[in-house]
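A.B. asks: Structure: protein.txt, compact mmCIF, C-alpha atoms.
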```txt
# COMPACT_ATOMS: atom_id res chain seq x y z
CA MET A 202 0.12 -23.62 2.44
CA TYR A 203 2.71 -21.96 0.23
CA ASP A 204 5.08 -23.78 -2.11
CA ILE A 205 8.30 -22.56 -0.48
CA ASP A 206 11.33 -24.55 0.52
CA ASN A 207 12.43 -22.60 3.55
CA TYR A 208 11.99 -19.28 5.32
CA TYR A 209 14.67 -17.20 7.06
CA ASN A 210 13.72 -14.21 9.15
CA ALA A 211 16.05 -11.23 9.49
CA THR A 212 15.60 -8.76 12.34
CA THR A 213 18.55 -6.49 11.52
CA LEU A 214 19.91 -5.10 8.27
CA ASN A 215 23.23 -6.94 8.74
CA GLU A 216 21.46 -10.22 9.39
CA ALA A 217 19.45 -9.76 6.18
CA LEU A 218 22.56 -9.02 4.10
CA SER A 219 24.37 -12.05 5.58
CA LEU A 220 21.40 -14.31 4.88
CA MET A 221 21.30 -13.01 1.30
CA LYS A 222 24.98 -13.91 0.91
CA GLU A 223 24.47 -17.39 2.40
CA HIS A 224 21.40 -18.03 0.25
CA PRO A 225 21.99 -16.19 -3.02
CA ASP A 226 18.99 -17.79 -4.73
CA ALA A 227 16.55 -16.88 -1.98
CA LYS A 228 13.92 -14.26 -2.71
CA VAL A 229 13.59 -11.29 -0.37
CA ILE A 230 10.06 -10.85 0.95
CA ALA A 231 8.80 -7.67 2.63
CA GLY A 232 5.06 -7.37 3.38
CA GLY A 233 4.28 -10.29 1.09
CA SER A 234 1.30 -8.77 -0.72
CA ASP A 235 3.07 -9.20 -4.08
CA VAL A 236 5.50 -12.07 -3.46
CA LEU A 237 3.01 -14.41 -1.76
CA ILE A 238 0.47 -13.83 -4.56
CA LYS A 239 3.10 -14.83 -7.15
CA ILE A 240 3.90 -17.96 -5.17
CA ARG A 241 0.19 -18.75 -4.97
CA GLU A 242 0.00 -18.43 -8.74
CA GLY A 243 2.63 -21.18 -8.99
CA LYS A 244 5.49 -18.88 -9.91
CA MET A 245 8.72 -19.24 -7.95
CA ALA A 246 7.75 -22.77 -6.85
CA GLY A 247 10.04 -24.23 -4.19
CA CYS A 248 11.90 -20.98 -3.57
CA GLU A 249 13.51 -19.93 -0.33
CA LEU A 250 12.43 -16.69 1.30
CA ILE A 251 14.29 -14.15 3.40
CA GLY A 252 11.90 -12.05 5.42
CA ILE A 253 12.91 -8.46 6.15
CA ARG A 254 9.62 -7.11 7.53
CA ASP A 255 10.84 -7.36 11.14
CA ILE A 256 13.86 -5.08 10.62
CA LYS A 257 12.86 -2.24 12.92
CA GLU A 258 15.53 0.19 11.68
CA LEU A 259 13.85 0.06 8.25
CA SER A 260 10.31 0.78 9.38
CA LYS A 261 10.74 4.33 10.66
CA ILE A 262 10.20 7.72 9.11
CA SER A 263 12.47 10.55 10.22
CA MET A 264 13.85 13.93 9.18
CA ASN A 265 17.55 14.62 8.74
CA VAL A 266 19.10 17.81 10.08
CA ASN A 267 19.15 19.12 6.49
CA GLY A 268 15.39 18.61 6.23
CA ASP A 269 15.48 15.51 4.00
CA ILE A 270 12.77 13.02 4.91
CA LEU A 271 13.92 9.41 5.29
CA ILE A 272 11.29 6.73 4.82
CA GLY A 273 12.32 3.24 5.91
CA ALA A 274 11.66 0.78 3.11
CA MET A 275 9.68 -1.50 5.44
CA THR A 276 7.20 1.20 6.41
CA THR A 277 3.71 -0.05 5.56
CA PHE A 278 1.46 2.06 3.35
CA SER A 279 -0.88 2.82 6.26
CA HIS A 280 2.01 3.93 8.46
CA VAL A 281 3.30 6.20 5.66
CA SER A 282 -0.17 7.78 5.29
CA ASN A 283 -0.64 8.30 9.02
CA HIS A 284 2.82 9.61 9.85
CA GLU A 285 2.95 13.21 11.04
CA LEU A 286 6.03 14.11 8.94
CA VAL A 287 4.32 12.79 5.82
CA LYS A 288 1.03 14.55 6.57
CA LYS A 289 2.81 17.84 7.23
CA HIS A 290 5.42 17.91 4.45
CA ILE A 291 4.59 15.37 1.73
CA SER A 292 0.87 14.75 2.08
CA VAL A 293 0.68 13.99 -1.65
CA LEU A 294 2.63 10.78 -0.98
CA GLY A 295 0.50 9.79 2.01
CA LYS A 296 -2.68 10.27 0.00
CA ALA A 297 -1.26 8.36 -2.97
CA VAL A 298 -0.36 5.24 -1.01
CA ASP A 299 -3.74 5.43 0.74
CA GLN A 300 -5.17 4.37 -2.63
CA VAL A 301 -3.29 1.05 -2.76
CA GLY A 302 -5.57 -2.05 -2.69
CA GLY A 303 -7.68 -2.03 0.47
CA PRO A 304 -7.11 -1.43 4.18
CA GLN A 305 -5.78 -4.93 4.93
CA VAL A 306 -3.26 -4.76 2.08
CA ARG A 307 -2.15 -1.26 3.15
CA ASN A 308 -1.47 -2.67 6.64
CA VAL A 309 1.04 -5.23 5.31
CA GLY A 310 2.32 -3.85 2.00
CA THR A 311 5.47 -1.75 2.29
CA ILE A 312 6.57 1.28 0.29
CA GLY A 313 9.98 -0.32 -0.32
CA GLY A 314 8.38 -3.49 -1.63
CA ASN A 315 6.15 -1.40 -3.88
CA VAL A 316 9.20 0.26 -5.45
CA CYS A 317 11.40 -2.87 -5.71
CA ASN A 318 8.60 -4.89 -7.28
CA GLY A 319 9.07 -2.63 -10.31
CA ALA A 320 5.42 -2.50 -11.32
CA VAL A 321 4.61 0.51 -13.49
CA SER A 322 1.23 0.66 -11.77
CA ALA A 323 2.74 1.07 -8.27
CA ASP A 324 0.74 3.82 -6.57
CA SER A 325 3.80 5.17 -4.76
CA ALA A 326 5.95 5.51 -7.88
CA PRO A 327 4.55 8.56 -9.74
CA THR A 328 4.64 10.68 -6.59
CA LEU A 329 8.14 9.51 -5.61
CA PHE A 330 9.28 10.44 -9.14
CA SER A 331 7.65 13.86 -8.85
CA LEU A 332 9.30 14.37 -5.45
CA ASN A 333 12.74 13.55 -6.96
CA ALA A 334 13.12 10.80 -4.37
CA LYS A 335 16.43 9.00 -4.00
CA LEU A 336 16.92 5.42 -2.95
CA ARG A 337 19.51 4.30 -0.43
CA LEU A 338 20.64 0.81 -1.44
CA ILE A 339 22.79 -1.17 0.97
CA SER A 340 24.93 -4.28 0.47
CA LEU A 341 27.76 -5.90 2.41
CA GLU A 342 30.14 -3.97 0.16
CA GLY A 343 28.72 -0.57 1.03
CA GLU A 344 25.91 1.66 -0.08
CA ARG A 345 24.89 3.75 -3.07
CA ILE A 346 22.26 6.37 -3.64
CA VAL A 347 20.21 6.13 -6.84
CA PRO A 348 17.59 8.63 -8.01
CA ILE A 349 14.28 6.80 -8.38
CA THR A 350 14.03 8.17 -11.92
CA GLU A 351 16.98 5.91 -12.83
CA PHE A 352 15.92 2.89 -10.76
CA TYR A 353 13.18 1.49 -13.00
CA LEU A 354 14.70 -0.42 -15.93
CA GLY A 355 11.63 -2.06 -17.47
CA PRO A 356 8.40 -3.81 -16.51
CA GLY A 357 9.12 -5.58 -13.21
CA ARG A 358 12.84 -4.81 -13.53
CA VAL A 359 14.73 -2.43 -11.25
CA ASP A 360 18.37 -1.53 -10.69
CA LEU A 361 18.72 -3.68 -7.58
CA ARG A 362 21.95 -5.69 -7.72
CA ALA A 363 22.58 -9.11 -6.18
CA GLY A 364 23.15 -8.77 -2.45
CA GLU A 365 21.58 -5.31 -2.34
CA LEU A 366 18.62 -4.16 -0.27
CA LEU A 367 16.60 -0.97 -0.47
CA ALA A 368 16.99 0.55 2.99
CA HIS A 369 15.52 4.04 2.76
CA ILE A 370 13.65 6.31 0.41
CA ILE A 371 14.96 9.85 0.72
CA VAL A 372 12.76 12.80 -0.15
CA PRO A 373 15.14 15.78 -0.45
CA GLN A 374 14.18 18.98 1.34
CA GLU A 375 14.58 21.13 -1.77
CA SER A 376 12.14 18.87 -3.65
CA TYR A 377 9.21 19.18 -1.26
CA HIS A 378 9.75 22.40 0.69
CA GLY A 379 7.38 25.04 -0.66
CA TYR A 380 5.68 22.57 -2.99
CA ALA A 381 2.20 21.05 -3.05
CA GLY A 382 1.06 18.04 -5.00
CA HIS A 383 -1.80 15.84 -6.05
CA TYR A 384 -2.06 12.25 -7.33
CA ILE A 385 -4.96 10.96 -9.39
CA LYS A 386 -5.39 7.21 -9.76
CA TYR A 387 -7.68 6.30 -12.60
CA SER A 388 -9.12 2.82 -12.05
CA MET A 389 -12.40 1.02 -12.64
CA ARG A 390 -13.07 0.58 -8.91
CA LYS A 391 -12.28 2.89 -6.01
CA ALA A 392 -10.64 0.06 -4.04
CA MET A 393 -8.97 -3.29 -4.60
CA ASP A 394 -7.99 -2.29 -8.11
CA ILE A 395 -4.81 -1.56 -10.02
CA ALA A 396 -4.36 1.84 -11.69
CA THR A 397 -5.37 1.94 -15.35
CA LEU A 398 -3.42 5.17 -15.38
CA GLY A 399 -2.01 7.41 -12.67
CA CYS A 400 -0.66 10.95 -12.64
CA SER A 401 1.14 12.77 -9.84
CA ILE A 402 1.93 16.45 -10.02
CA VAL A 403 4.04 18.43 -7.58
CA CYS A 404 4.25 22.18 -8.12
CA LYS A 405 5.33 25.51 -6.71
CA VAL A 406 3.58 28.80 -7.37
CA ASN A 407 5.10 32.28 -7.35
CA ALA A 408 2.29 34.15 -5.64
CA ASP A 409 3.69 37.64 -6.35
CA LEU A 410 4.17 37.12 -10.06
CA LYS A 411 1.16 34.79 -10.31
CA GLN A 412 3.31 32.28 -12.13
CA LEU A 413 3.75 28.55 -12.05
CA GLU A 414 7.31 28.61 -10.77
CA ASP A 415 8.09 24.90 -10.92
CA VAL A 416 6.18 21.74 -11.79
CA ARG A 417 7.01 18.03 -11.88
CA ILE A 418 4.68 15.63 -13.68
CA THR A 419 4.87 11.83 -13.57
CA PHE A 420 2.60 9.17 -15.05
CA GLY A 421 2.17 5.55 -14.02
CA VAL A 422 1.03 2.94 -16.60
CA ALA A 423 1.76 5.35 -19.47
CA ALA A 424 4.99 3.61 -20.60
CA PRO A 425 6.94 0.46 -19.54
CA THR A 426 8.19 2.35 -16.47
CA PRO A 427 6.84 5.36 -14.56
CA LEU A 428 7.34 8.37 -16.83
CA ARG A 429 8.41 11.91 -15.97
CA CYS A 430 7.07 14.40 -18.52
CA TYR A 431 10.13 16.66 -18.74
CA GLN A 432 9.07 18.35 -22.00
CA THR A 433 5.67 19.31 -20.61
CA GLU A 434 7.30 20.52 -17.40
CA ALA A 435 9.62 22.79 -19.42
CA LYS A 436 6.66 24.22 -21.35
CA LEU A 437 4.81 25.06 -18.13
CA LYS A 438 7.58 26.52 -15.97
CA GLY A 439 7.25 30.26 -15.53
CA LYS A 440 3.85 30.40 -17.24
CA PRO A 441 1.30 32.85 -15.83
CA LEU A 442 -1.49 31.25 -13.82
CA ASN A 443 -4.38 31.26 -16.26
CA ASP A 444 -6.38 28.71 -18.20
CA ASP A 445 -3.68 28.42 -20.87
CA ILE A 446 -1.60 26.17 -18.59
CA TYR A 447 -4.41 23.61 -18.52
CA GLN A 448 -4.65 23.57 -22.29
CA ILE A 449 -0.88 23.20 -22.54
CA ILE A 450 -0.66 20.35 -20.04
CA GLU A 451 -3.59 18.45 -21.55
CA ALA A 452 -2.22 18.57 -25.09
CA SER A 453 1.43 18.19 -24.18
CA VAL A 454 1.20 15.09 -21.98
CA ARG A 455 -0.78 13.36 -24.73
CA GLU A 456 2.25 13.92 -26.97
CA GLU A 457 4.70 12.79 -24.35
CA ILE A 458 3.20 9.66 -22.78
CA ASN A 459 3.31 6.33 -24.55
CA PRO A 460 0.64 4.03 -23.09
CA ARG A 461 -0.14 0.62 -24.53
CA ASP A 462 -3.23 -1.31 -25.43
CA SER A 463 -4.08 -3.88 -22.77
CA TRP A 464 -7.16 -5.71 -21.60
CA ARG A 465 -7.51 -3.04 -18.91
CA ALA A 466 -7.79 -0.15 -21.39
CA SER A 467 -6.87 0.79 -24.93
CA LYS A 468 -4.06 3.16 -25.82
CA ALA A 469 -6.52 5.69 -27.22
CA PHE A 470 -8.54 5.63 -24.01
CA ARG A 471 -5.43 6.04 -21.86
CA LEU A 472 -4.30 9.02 -23.96
CA GLN A 473 -7.70 10.63 -23.53
CA VAL A 474 -7.76 10.01 -19.78
CA GLY A 475 -4.09 11.05 -19.44
CA GLY A 476 -4.68 14.59 -20.67
CA GLU A 477 -7.70 14.95 -18.45
CA ILE A 478 -6.18 13.66 -15.20
CA ALA A 479 -3.00 15.70 -15.74
CA LYS A 480 -5.14 18.82 -16.06
CA ARG A 481 -7.19 17.97 -12.99
CA ALA A 482 -4.13 17.01 -10.93
CA LEU A 483 -2.45 20.33 -11.77
CA GLU A 484 -5.60 22.24 -10.92
CA GLU A 485 -5.81 20.53 -7.52
CA ALA A 486 -2.05 20.86 -6.84
CA ILE A 487 -2.27 24.63 -7.47
CA ARG A 488 -5.35 24.85 -5.27
CA LEU A 489 -3.59 22.95 -2.47
CA TRP A 490 -0.60 25.26 -2.82
CA GLY A 491 -2.99 28.13 -2.18
CA GLY A 492 -2.75 29.60 -5.67
CA GLU A 493 -5.55 30.66 -7.92
CA CYS A 494 -5.93 30.71 -11.65
CA ASP A 495 -7.36 33.73 -13.39
CA GLY A 496 -10.14 32.68 -15.72
CA MET B 299 11.20 -32.11 0.93
CA ASP B 300 11.96 -31.92 4.63
CA LYS B 301 9.26 -30.31 6.61
CA LYS B 302 10.71 -27.16 8.19
CA MET B 303 9.09 -26.13 11.43
CA GLN B 304 9.51 -22.95 13.44
CA LEU B 305 8.26 -22.08 16.90
CA VAL B 306 5.70 -19.28 16.98
CA LYS B 307 4.85 -17.67 20.29
CA CYS B 308 1.98 -15.23 20.17
CA VAL B 309 -1.21 -14.19 21.92
CA VAL B 310 -4.46 -15.26 20.29
CA ASN B 311 -7.67 -13.76 21.65
CA GLY B 312 -5.90 -12.91 24.90
CA GLU B 313 -4.46 -16.42 25.45
CA PRO B 314 -0.75 -17.16 25.06
CA VAL B 315 -0.06 -19.66 22.29
CA ALA B 316 3.18 -21.51 21.48
CA GLU B 317 3.04 -23.78 18.43
CA TYR B 318 5.52 -25.29 16.03
CA VAL B 319 4.25 -24.32 12.59
CA ASP B 320 5.28 -25.40 9.11
CA VAL B 321 7.12 -22.45 7.53
CA ARG B 322 4.89 -22.93 4.45
CA ASP B 323 1.72 -22.26 6.45
CA SER B 324 -0.20 -19.03 6.19
CA LEU B 325 -1.56 -17.53 9.39
CA LEU B 326 -4.96 -18.58 8.06
CA ASP B 327 -3.79 -22.23 7.98
CA MET B 328 -2.48 -21.92 11.53
CA LEU B 329 -5.60 -20.28 12.94
CA ARG B 330 -8.03 -22.71 11.28
CA ASN B 331 -6.15 -26.00 11.25
CA THR B 332 -3.91 -25.79 14.31
CA LEU B 333 -6.00 -23.63 16.64
CA GLY B 334 -9.46 -24.53 15.32
CA LEU B 335 -10.59 -20.92 14.91
CA THR B 336 -12.93 -21.52 12.00
CA SER B 337 -14.50 -18.05 11.98
CA VAL B 338 -11.46 -17.16 9.88
CA LYS B 339 -12.71 -18.07 6.40
CA LYS B 340 -10.61 -19.24 3.50
CA GLY B 341 -11.96 -17.38 0.49
CA CYS B 342 -9.78 -16.14 -2.37
CA GLU B 343 -6.40 -16.91 -0.74
CA VAL B 344 -4.81 -13.93 -2.55
CA GLY B 345 -5.75 -11.05 -0.26
CA GLU B 346 -8.71 -9.75 -2.22
CA CYS B 347 -11.91 -10.89 -0.50
CA GLY B 348 -11.15 -10.15 3.16
CA ALA B 349 -12.99 -13.26 4.46
CA CYS B 350 -9.85 -14.20 6.44
CA THR B 351 -9.49 -10.77 8.08
CA VAL B 352 -8.04 -10.83 11.60
CA ILE B 353 -6.69 -8.05 13.82
CA ILE B 354 -2.95 -8.06 14.52
CA ASP B 355 -1.67 -5.52 17.04
CA GLY B 356 -4.68 -3.30 16.32
CA GLU B 357 -4.57 -3.48 12.51
CA THR B 358 -6.65 -5.61 10.16
CA ILE B 359 -4.75 -7.95 7.86
CA ASP B 360 -5.68 -10.72 5.43
CA SER B 361 -4.40 -13.83 7.22
CA CYS B 362 -4.20 -15.73 3.90
CA ILE B 363 -1.29 -13.58 2.68
CA TYR B 364 0.51 -13.49 6.01
CA LEU B 365 2.98 -16.24 6.88
CA ALA B 366 2.24 -18.04 10.15
CA VAL B 367 5.85 -17.50 11.29
CA TRP B 368 5.27 -13.74 11.12
CA ALA B 369 2.78 -14.06 13.98
CA ASP B 370 5.65 -14.58 16.43
CA GLY B 371 5.42 -11.98 19.18
CA LYS B 372 2.12 -10.56 17.90
CA SER B 373 -1.31 -10.22 19.48
CA ILE B 374 -4.01 -11.64 17.21
CA ARG B 375 -7.76 -11.30 17.50
CA THR B 376 -10.36 -13.33 15.64
CA LEU B 377 -14.15 -13.25 15.78
CA GLU B 378 -14.10 -15.94 18.53
CA GLY B 379 -12.31 -13.45 20.79
CA LEU B 380 -15.15 -10.93 20.58
CA MET B 381 -17.56 -13.22 22.43
CA GLY B 382 -18.54 -12.17 25.93
CA PRO B 383 -18.19 -14.50 28.98
CA SER B 384 -21.68 -15.95 28.50
CA GLY B 385 -21.56 -16.02 24.73
CA GLU B 386 -22.82 -12.46 24.27
CA LEU B 387 -22.48 -10.75 20.91
CA THR B 388 -20.78 -7.39 20.57
CA ARG B 389 -22.85 -4.35 19.66
CA ILE B 390 -21.63 -4.40 16.05
CA GLN B 391 -22.65 -8.06 15.68
CA GLU B 392 -26.14 -7.23 17.00
CA ALA B 393 -26.30 -4.30 14.61
CA PHE B 394 -25.45 -6.59 11.67
CA ILE B 395 -28.47 -8.72 12.63
CA GLU B 396 -30.78 -5.73 13.19
CA GLU B 397 -29.84 -4.14 9.87
CA GLY B 398 -30.01 -7.37 7.85
CA ALA B 399 -26.32 -7.04 7.03
CA ILE B 400 -25.96 -10.82 6.75
CA GLN B 401 -27.23 -13.27 4.18
CA CYS B 402 -25.05 -16.34 3.58
CA GLY B 403 -22.70 -15.22 6.37
CA PHE B 404 -19.40 -16.31 4.81
CA CYS B 405 -17.96 -12.79 4.66
CA THR B 406 -19.45 -11.72 7.99
CA PRO B 407 -16.56 -12.57 10.38
CA GLY B 408 -14.17 -10.59 8.19
CA PHE B 409 -16.53 -7.64 7.96
CA VAL B 410 -17.10 -7.70 11.73
CA MET B 411 -13.34 -7.63 12.37
CA SER B 412 -12.87 -4.68 9.98
CA ALA B 413 -15.79 -2.86 11.63
CA THR B 414 -14.47 -3.66 15.12
CA VAL B 415 -11.13 -1.94 14.49
CA LEU B 416 -12.90 1.02 12.97
CA LEU B 417 -15.35 1.41 15.88
CA GLU B 418 -12.65 0.97 18.53
CA ARG B 419 -10.93 4.06 17.18
CA GLY B 420 -13.91 5.99 18.48
CA GLU B 421 -14.05 8.34 15.48
CA LYS B 422 -17.23 9.53 13.80
CA LEU B 423 -16.79 9.06 10.09
CA SER B 424 -18.79 9.99 7.03
CA ARG B 425 -20.52 7.20 5.14
CA GLU B 426 -17.94 7.53 2.36
CA ALA B 427 -15.10 7.15 4.89
CA ILE B 428 -16.80 4.08 6.41
CA LYS B 429 -17.04 2.53 2.95
CA LYS B 430 -13.36 3.25 2.31
CA HIS B 431 -12.36 1.52 5.56
CA MET B 432 -14.55 -1.48 4.74
CA ALA B 433 -13.40 -1.71 1.13
CA GLY B 434 -11.08 -4.67 1.70
CA ASN B 435 -13.99 -7.02 2.34
CA LEU B 436 -16.19 -8.42 -0.40
CA CYS B 437 -19.83 -9.46 0.06
CA ARG B 438 -21.69 -11.12 -2.79
CA CYS B 439 -25.13 -11.15 -1.11
CA THR B 440 -26.09 -7.95 0.66
CA GLY B 441 -24.98 -5.23 -1.72
CA TYR B 442 -23.05 -3.54 1.15
CA HIS B 443 -25.79 -1.02 1.92
CA ASN B 444 -26.95 -2.77 5.10
CA ILE B 445 -23.38 -3.45 6.22
CA ALA B 446 -22.60 0.28 6.02
CA ASN B 447 -25.91 0.96 7.83
CA ALA B 448 -24.88 -1.34 10.69
CA VAL B 449 -21.47 0.32 11.11
CA GLU B 450 -22.97 3.79 10.85
CA LYS B 451 -25.64 2.92 13.43
CA VAL B 452 -23.13 1.78 16.07
CA MET B 453 -20.86 4.71 15.30
CA ASN B 454 -23.73 7.11 15.94
CA GLU B 455 -24.62 5.40 19.24
CA ASN B 456 -21.15 5.97 20.68
```
Could you write out this structure as structure tokens?
C.D. replies:
Amino acid sequence: MYDIDNYYNATTLNEALSLMKEHPDAKVIAGGSDVLIKIREGKMAGCELIGIRDIKELSKISMNVNGDILIGAMTTFSHVSNHELVKKHISVLGKAVDQVGGPQVRNVGTIGGNVCNGAVSADSAPTLFSLNAKLRLISLEGERIVPITEFYLGPGRVDLRAGELLAHIIVPQESYHGYAGHYIKYSMRKAMDIATLGCSIVCKVNADLKQLEDVRITFGVAAPTPLRCYQTEAKLKGKPLNDDIYQIIEASVREEINPRDSWRASKAFRLQVGGEIAKRALEEAIRLWGGECDG
Amino acid sequence: MDKKMQLVKCVVNGEPVAEYVDVRDSLLDMLRNTLGLTSVKKGCEVGECGACTVIIDGETIDSCIYLAVWADGKSIRTLEGLMGPSGELTRIQEAFIEEGAIQCGFCTPGFVMSATVLLERGEKLSREAIKKHMAGNLCRCTGYHNIANAVEKVMNEN
């Protein structure tokens, strides 16, 4: 039994927003795999919950006429991974969220909940950063679109205002079309573990010029919020495809990331691993793109 | 505090169920305490051990981190529902016995439910893929080897 005072279930977006207005202190709960654990730990004792998992309009994945992919915030991790649009166009995201927890958690946990929870270790976050995803936030007053790179404010804190819900995650066509990507989660166990460090790289190769045309690099657990490595990206763009790019990325991300010491791993260890997984993720992203590196 | 109750109508092991549940209850509480389905084990209560695994609309979930009120309109299967008309075991349960995939037995119902969903998909998977699909269940006795053997055996028979 959970220490909650009451539960309200919303089945439409409008119903959810109205319930949030009526009960401003209530906590919004999606799949529950974070919120219910916190309640079990004794945090949030006696709170009221507004459930949004049954809002059907928020659990679909679709493509706009302009090619943008819209992911409903209530789509579970397993449904993201298995969706044809994701597999075809943004498989890097599907494979990343397939590394969350275990199968049972992936069947209840939602991608929107993962983002709004604000954890720097969220397995969806580095890839959504590297895909330049935008978030569609809706309130009774209207809606606003926020780039995910501006959404994370600090550990567990996101730019979600009172009365606002995350409705969709938008992956813009220009950010994924012609790109390939790879996410590496470094953790002690292959399942049921939280990332010690994570790195997601999305890149585009110019096959004629044998150049790395564009690259986007994001780390999880390397700073208080997911961290885009803009300086490293700038150093790599336009570089010829040879082993130099791996030396550059390895050294440069170690300069750019700022991991901390924690019981999970030391800062020194995370810096060491960071350079290595960035290199390996880039290697795999280029391979998935269909490019080759000259020795 | 007033006790807040909500009506939950669902199908459990093929039978329609309508129960007023306390909104604070997990599905695990409802299945064990209200419906008496004690194959659903209460282990960690935080969605890590998988002992409370049940199948909802074809997907495995940890019933300890699933509110009972969410079961409204769903079809739920527990280990009790696998039993044949004369108490027969399913092939995967027999395989668990044959392969010595059980010691204390506490995790077994959860493992059987995870394996059941996997086998019903009818796919042939590599041993690594089987392990990935069974990774949400913990066993402290067997060392997993025999559990993977049992799943692999039934998969190869189909």
A.B. asks: Between B:Ile400, B:Ile428, B:Cys347, B:Ala433, which one has atoms that come closest to chain A, using all atoms listed in the file?
C.D. replies: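 Checking each candidate against chain A, we get B:Ala433 as the closest.
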A.B. asks: Work out how far CA of Val298 in chain A is from CA of Thr277 in chain A, in Å to one decimal.
C.D. replies: 9.4 Å
A.B. asks: Would you compute the distance between CA of Pro441 in chain A and CA of Glu414 in chain A? Give it in Å to one decimal.
C.D. replies: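 Calculated distance between CA of Pro441 in chain A and CA of Glu414 in chain A is 8.9 Å.
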A.B. asks: Find, counting only C-alpha atoms, the residue in B:Arg375, B:Arg389, B:Arg322, B:His431 that gets nearest to Val309 in chain B.
C.D. replies: B:Arg375
A.B. asks: May I ask you to extract the residues of chain B within 6 Å of chain A, using all atoms listed in the file, and to give them as a ChimeraX atom specification?
C.D. replies: /B:322-324,344,358-360,433-434
A.B. asks: What is the CA of Phe470 in chain A to CA of Ile446 in chain A distance in Å?
C.D. replies: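 Distance reported for this atom pair: 22.3 Å.
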